[in-house]
Every structure is written in structure tokens, then in C-alpha cells.
Amino acid sequence: MKDPCEYLDKINFNTKRFPQYTHLIESCPSENENEKIVRICRCWQSSKFPYCDDTHKIFIENGDSVGPYVAKLVSYKLSDEEKLKKQKYNEKYIKINNKLSSDKSSVLNVSVNCKPYINYKLKKSVLLSFVVLTSALLYGKKEKLINLYSTN
């Protein structure tokens, strides 16, 4: 007699051919709503798969114990300190937004004599690359002049 464990990988209890992996996205209730209970099917026979519709009760009568996975989603209640932090953050954000919108109008009145802001490291690297490129260009011209005079 062969070992029954060899056939475990070949047995498929998913007789309705549901996808092997299903993603569920459920949102938690807000502060004012009641808790939410989600029942997820584990017997693969539910007509509302991946949600349970109590089809597993037939299997329980036959001796198999496959009940649903029950998830209880509860609203997250903020403490008074967290509410105060959130309120302060929102007020600060609104003030920054108002300040930025007032700055946008001042940007239009730019004076002609203002100097653009250039980072020192950026300025240094731009200057260095300019020096390298001009020296390479001058060196190339020098070689051409030497070749021109040497041929005459």
C-alpha cells in the first residue's frame, strides 16, 4: 500500500475553481460607527467566496471542522491628547498654506537687481567643469596649431 501523504499535494478541495489567492480589502469603521464583523470562508465551498455563507455546516455534519475565519473590525478611538495634536497640526498646516499663498503673490513683484540663490557646492562644480572644458578646448587648438606650423 502506498503512503497517503504522497497524494496530499494532488488533492484539491477547491471544487468551484476559485482563485487560489484572493485579496480582501475592508475598511475599519469610523469613530461613530459600530464594530464590523467579517467572516472569511475556509472551506472553499461558499457561493459568496471569499466571504462565508455557512456552507461549512454541511462539512461539520460529516465530521470535518472547517469554520470561517472571523475578523472583528473596531473603530480606533483617538485619545484627547491625540485629538489635540491632530488639531494643532492642522492649524499649523493651514497657517503655512496661507503664508505660501501670500508668498506666491510677492513672487510676481521680483526686483531686477536680485541675485539668484546658487548652492556653493553647485557653483564650485560648475566652475570646475567650465575650467576643465575650456582647457581641453584650448589644448586641442594648441595641438592643431603645432601640427599646422610643423607641416609648413
# chains A, B, ... in the order shown; residues from 1 in each chain; ligands from 1
$ residues_around --residues "Lys72 of chain A" --least-positions-apart "6" --cutoff "12 Å" --atoms "only C-alpha atoms" --output "ChimeraX atom specification"
/A:26-29,34-40
$ write_last_selection --atoms "C-alpha atoms" --output "PDB file, in the first residue's frame"
ATOM      1  CA  GLU A  26     -12.143  46.006   4.247  1.00  0.00           C
ATOM      2  CA  SER A  27     -12.114  49.430   5.835  1.00  0.00           C
ATOM      3  CA  CYS A  28     -12.373  49.941   9.560  1.00  0.00           C
ATOM      4  CA  PRO A  29     -15.455  51.784  10.787  1.00  0.00           C
ATOM      5  CA  ASN A  34     -20.375  50.243  15.318  1.00  0.00           C
ATOM      6  CA  GLU A  35     -17.850  47.427  15.015  1.00  0.00           C
ATOM      7  CA  LYS A  36     -17.863  45.378  11.823  1.00  0.00           C
ATOM      8  CA  ILE A  37     -17.593  41.574  11.661  1.00  0.00           C
ATOM      9  CA  VAL A  38     -16.152  39.944   8.533  1.00  0.00           C
ATOM     10  CA  ARG A  39     -16.451  36.167   8.077  1.00  0.00           C
ATOM     11  CA  ILE A  40     -13.931  34.687   5.646  1.00  0.00           C
TER      12      ILE A  40
END
$ atom_distance --atom1 "atom CA of Asn147 of chain A" --atom2 "atom CA of Leu133 of chain A"
21.4 Å
$ atom_distance --atom1 "atom CA of Glu33 of chain A" --atom2 "atom CA of Lys83 of chain A"
17.9 Å
$ atom_distance --atom1 "atom CA of Asp64 of chain A" --atom2 "atom CA of Gln45 of chain A"
13.3 Å
